[in-house]
Amino acid sequence: MPPSELLSWQQLPLGGVVEPDIALRPLTGSYRTGLKPEADVEKCVDCLLCWVYCPDSAVQLDGTSFGGIDLEHCKGCEICAEVCPTGAIEMVAE
Amino acid sequence: MKARLLTGGEAVAWAMCQIDPDVVPVYPITPQTPIIQHFAKHVADGEARTEVVNVESEHSAMSAAIGSALAGARTITATSSQGLALMSEVVYIAAAMRAPIVVAVGNRALSGPINIHCDHSDSMLVRDSGVIQLFVEDAQEAYDTMLLAVRLSERMLLPVFVCQDGFTITHAAEPVRTIGRRRVQEWVGDYEIPFALLDTAHPTSQGPFAMPDYYFELRHQQVAAMDFALPAIEELGVELAEITGRRYGLVDAYRLDDADCAFVCLGSTAGTVKDAVDELRDQGRAVGVLRIRSFRPFPEDAIRAALAGVSEAIVLDRADAPGARGPLYTELAAALYGSDIALRGHVYGLGGRELHPQDVHDIFAGRYDRFVGLRSESCLA
């Protein structure tokens, strides 16, 4: 984060208390490995194992269906591709 | 308001009973033991509804205190000496997490050699932890300060340590005037903190990791809180005095108005020094006492104002700092830097060694070097 966006001691919550959704702010996808997941929705059976396993909560939901991948927070760990039972997620070079 | 014959430990336990905190996680240690012993009896007798948690160590006591205070429960604990040392890692975290916890301390020397009697080395161990430290002179002040500490702690969102001298105060009985339970309850009010962990409608994560880009800022919040605590101690002291009739500020000035020389000290020793000062006054010596009640925050402005008229200050430290000067002396030297006041520093009373009025006369007359009453070969001649 550039220094101009860092908060002062007065702006920070007392004691560094972290309020909900604050983890969305750092765009962790900016340091992805170089591979990104691509989903073939024709093969997807909406089992949502990728959503369960994603360590960065980057798999999005559309109701109770697979809703795509948030590339602003995906770090390219490949776990979703690994756990997908139908091979619907493929890692491709950026 | 009736006077009861209470030890400092009993007075604090009675204040705790009247405050009726939600949780008291505690581990016994001499000379804090009478505090928790008497408080546990009040709870067992149904006089307080507190959940007393008999934890396995002081480290756990402070850890549990942080959890309950931040969950949304009014929390008090108590300790001494090695217990405070074992607790110290978590004391820093309590301050950083802005947990309003009141801690009654029975001051006792740190090991080693192991000792159970009074000095201030235990409190000095956590002087830079970010907690407020109020040193009291007698059992009455210990009772009153526990009441004040609840409001101060919850206003500043900081732990407040109420430090009373082990045995000299904790175990010595004196008349203590208490106020009624209803007035105590009105004074403390409901426990409210901005981010209660059990407030599930407003979830938060607490105790975060901070990298170099945020550690300095979060730590500085504690520096700022200490600055804000200075007027808060005075304001709450005035407010509490309206109920009790007894007013305490940041410092306690005794016969200083026309004094040329001031003794500066903490805790129960001030009582002895005041008696000796009365005798010196009878001999025509212009001398007074400045007792520092708030050691953290250290009230530099109040000290400079109180000592404005003196030409010499004699600082009495009941803790030593091998390789440096005593902690009170160094603080006072920093506060008075640039003034014309000559400073003398003495270390006394370690491990519970008594300071008698004659010692105060001998200090005043310059018959002691830095270490009051220390036996050493050069002094035996």
# chains A, B, ... in the order shown; residues from 1 in each chain; ligands from 1

call {"tool": "interface_residues", "arguments": {"of": "chain A", "to": "chain B", "cutoff": "6 Å", "atoms": "only C-alpha atoms", "output": "list in words"}}
result
Trp9, Gly15, Val17, Val18 and Glu19 of chain A

call {"tool": "write_last_selection", "arguments": {"atoms": "C-alpha atoms", "output": "CSV table (one decimal), in the first residue's frame"}}
result
chain,number,residue,atom,x,y,z
A,9,TRP,CA,-2.7,6.7,14.8
A,15,GLY,CA,-6.3,-1.0,20.1
A,17,VAL,CA,-9.6,-3.5,16.6
A,18,VAL,CA,-10.5,-5.0,13.2
A,19,GLU,CA,-14.0,-4.5,12.0

call {"tool": "residues_around", "arguments": {"residues": "Asp56 of chain A", "least_positions_apart": "2", "cutoff": "7 Å", "atoms": "only C-alpha atoms", "output": "list in words"}}
result
Cys54, Ala58, His73 and Cys74 of chain A

call {"tool": "write_last_selection", "arguments": {"atoms": "C-alpha atoms", "output": "PDB file, in the first residue's frame"}}
result
ATOM      1  CA  CYS A  54     -10.182 -21.542  -1.160  1.00  0.00           C
ATOM      2  CA  ALA A  58     -11.769 -15.728  -3.612  1.00  0.00           C
ATOM      3  CA  HIS A  73      -7.854 -11.644  -4.000  1.00  0.00           C
ATOM      4  CA  CYS A  74      -6.849 -14.934  -5.661  1.00  0.00           C
TER       5      CYS A  74
END

call {"tool": "select_by_dssp", "arguments": {"residues": "segment 15-219 of chain B", "states": "strand (DSSP E)", "output": "JSON list (two decimals) with C-alpha atoms, in the first residue's frame"}}
result
[["chain", "number", "residue", "atom", "x", "y", "z"],
["B", 23, "VAL", "CA", -15.39, -11.58, 36.63],
["B", 24, "VAL", "CA", -12.36, -11.82, 38.93],
["B", 25, "PRO", "CA", -9.69, -14.18, 37.57],
["B", 26, "VAL", "CA", -7.00, -14.40, 40.22],
["B", 51, "GLU", "CA", -17.60, -15.19, 38.89],
["B", 52, "VAL", "CA", -14.25, -15.85, 40.60],
["B", 53, "VAL", "CA", -11.99, -17.83, 38.27],
["B", 54, "ASN", "CA", -9.28, -19.72, 40.16],
["B", 75, "THR", "CA", -13.11, -7.37, 35.42],
["B", 76, "ILE", "CA", -10.79, -6.95, 38.40],
["B", 77, "THR", "CA", -7.74, -8.94, 39.43],
["B", 78, "ALA", "CA", -4.96, -8.61, 42.02],
["B", 79, "THR", "CA", -1.35, -9.65, 42.36],
["B", 101, "ILE", "CA", -9.04, -4.05, 33.87],
["B", 102, "VAL", "CA", -8.53, -2.87, 37.46],
["B", 103, "VAL", "CA", -5.57, -4.55, 39.16],
["B", 104, "ALA", "CA", -5.00, -4.29, 42.91],
["B", 105, "VAL", "CA", -1.29, -4.67, 43.62],
["B", 106, "GLY", "CA", 0.24, -5.41, 47.01],
["B", 107, "ASN", "CA", 3.74, -4.15, 46.31],
["B", 132, "ILE", "CA", -1.96, 3.50, 34.60],
["B", 133, "GLN", "CA", -0.26, 3.15, 38.01],
["B", 134, "LEU", "CA", -1.67, 4.90, 41.09],
["B", 135, "PHE", "CA", 0.29, 4.52, 44.36],
["B", 160, "VAL", "CA", -5.39, 0.70, 36.05],
["B", 161, "PHE", "CA", -3.05, -0.65, 38.74],
["B", 162, "VAL", "CA", -3.89, 0.43, 42.29],
["B", 163, "CYS", "CA", -0.56, -0.04, 44.09],
["B", 164, "GLN", "CA", -0.52, -0.37, 47.86],
["B", 165, "ASP", "CA", 2.57, -1.22, 49.90],
["B", 173, "ALA", "CA", -5.62, -2.21, 60.13],
["B", 174, "GLU", "CA", -6.76, 1.38, 60.35],
["B", 175, "PRO", "CA", -10.11, 3.19, 60.38],
["B", 176, "VAL", "CA", -11.51, 3.30, 56.84],
["B", 177, "ARG", "CA", -14.62, 5.26, 55.93]]

call {"tool": "select_by_dssp", "arguments": {"residues": "chain A", "states": "alpha helix (DSSP H)", "output": "ChimeraX atom specification"}}
result
/A:49-53,79-83

call {"tool": "write_last_selection", "arguments": {"atoms": "C-alpha atoms", "output": "PDB file, in the first residue's frame"}}
result
ATOM      1  CA  LEU A  49     -15.638 -27.723  -3.064  1.00  0.00           C
ATOM      2  CA  CYS A  50     -13.526 -24.891  -4.520  1.00  0.00           C
ATOM      3  CA  TRP A  51     -15.503 -22.404  -2.413  1.00  0.00           C
ATOM      4  CA  VAL A  52     -14.966 -24.531   0.716  1.00  0.00           C
ATOM      5  CA  TYR A  53     -11.230 -24.980   0.145  1.00  0.00           C
ATOM      6  CA  ILE A  79      -6.105 -25.545  -4.530  1.00  0.00           C
ATOM      7  CA  CYS A  80      -9.394 -24.979  -6.384  1.00  0.00           C
ATOM      8  CA  ALA A  81      -8.050 -26.680  -9.490  1.00  0.00           C
ATOM      9  CA  GLU A  82      -6.727 -29.527  -7.349  1.00  0.00           C
ATOM     10  CA  VAL A  83      -9.997 -30.231  -5.522  1.00  0.00           C
TER      11      VAL A  83
END

call {"tool": "residues_around", "arguments": {"residues": "Gly288 of chain B", "least_positions_apart": "5", "cutoff": "6 Å", "atoms": "only C-alpha atoms", "output": "PyMOL selection string"}}
result
chain B and resi 254-256+259+262

call {"tool": "atom_distance", "arguments": {"atom1": "atom CA of Asp260 of chain B", "atom2": "atom CA of Leu307 of chain B"}}
result
9.1 Å

call {"tool": "atom_distance", "arguments": {"atom1": "atom CA of Met226 of chain B", "atom2": "atom CA of Arg296 of chain B"}}
result
7.5 Å

call {"tool": "residues_around", "arguments": {"residues": "Gly34 of chain A", "least_positions_apart": "5", "cutoff": "10 Å", "atoms": "only C-alpha atoms", "output": "PyMOL selection string"}}
result
chain A and resi 75-77+91-94

call {"tool": "write_last_selection", "arguments": {"atoms": "C-alpha atoms", "output": "CSV table (one decimal), in the first residue's frame"}}
result
chain,number,residue,atom,x,y,z
A,75,LYS,CA,-3.1,-15.7,-5.0
A,76,GLY,CA,-2.9,-18.5,-7.5
A,77,CYS,CA,-2.4,-21.3,-5.0
A,91,MET,CA,-4.6,-22.8,-14.1
A,92,VAL,CA,-3.4,-20.6,-17.0
A,93,ALA,CA,-0.5,-18.2,-17.3
A,94,GLU,CA,-1.4,-14.5,-16.7
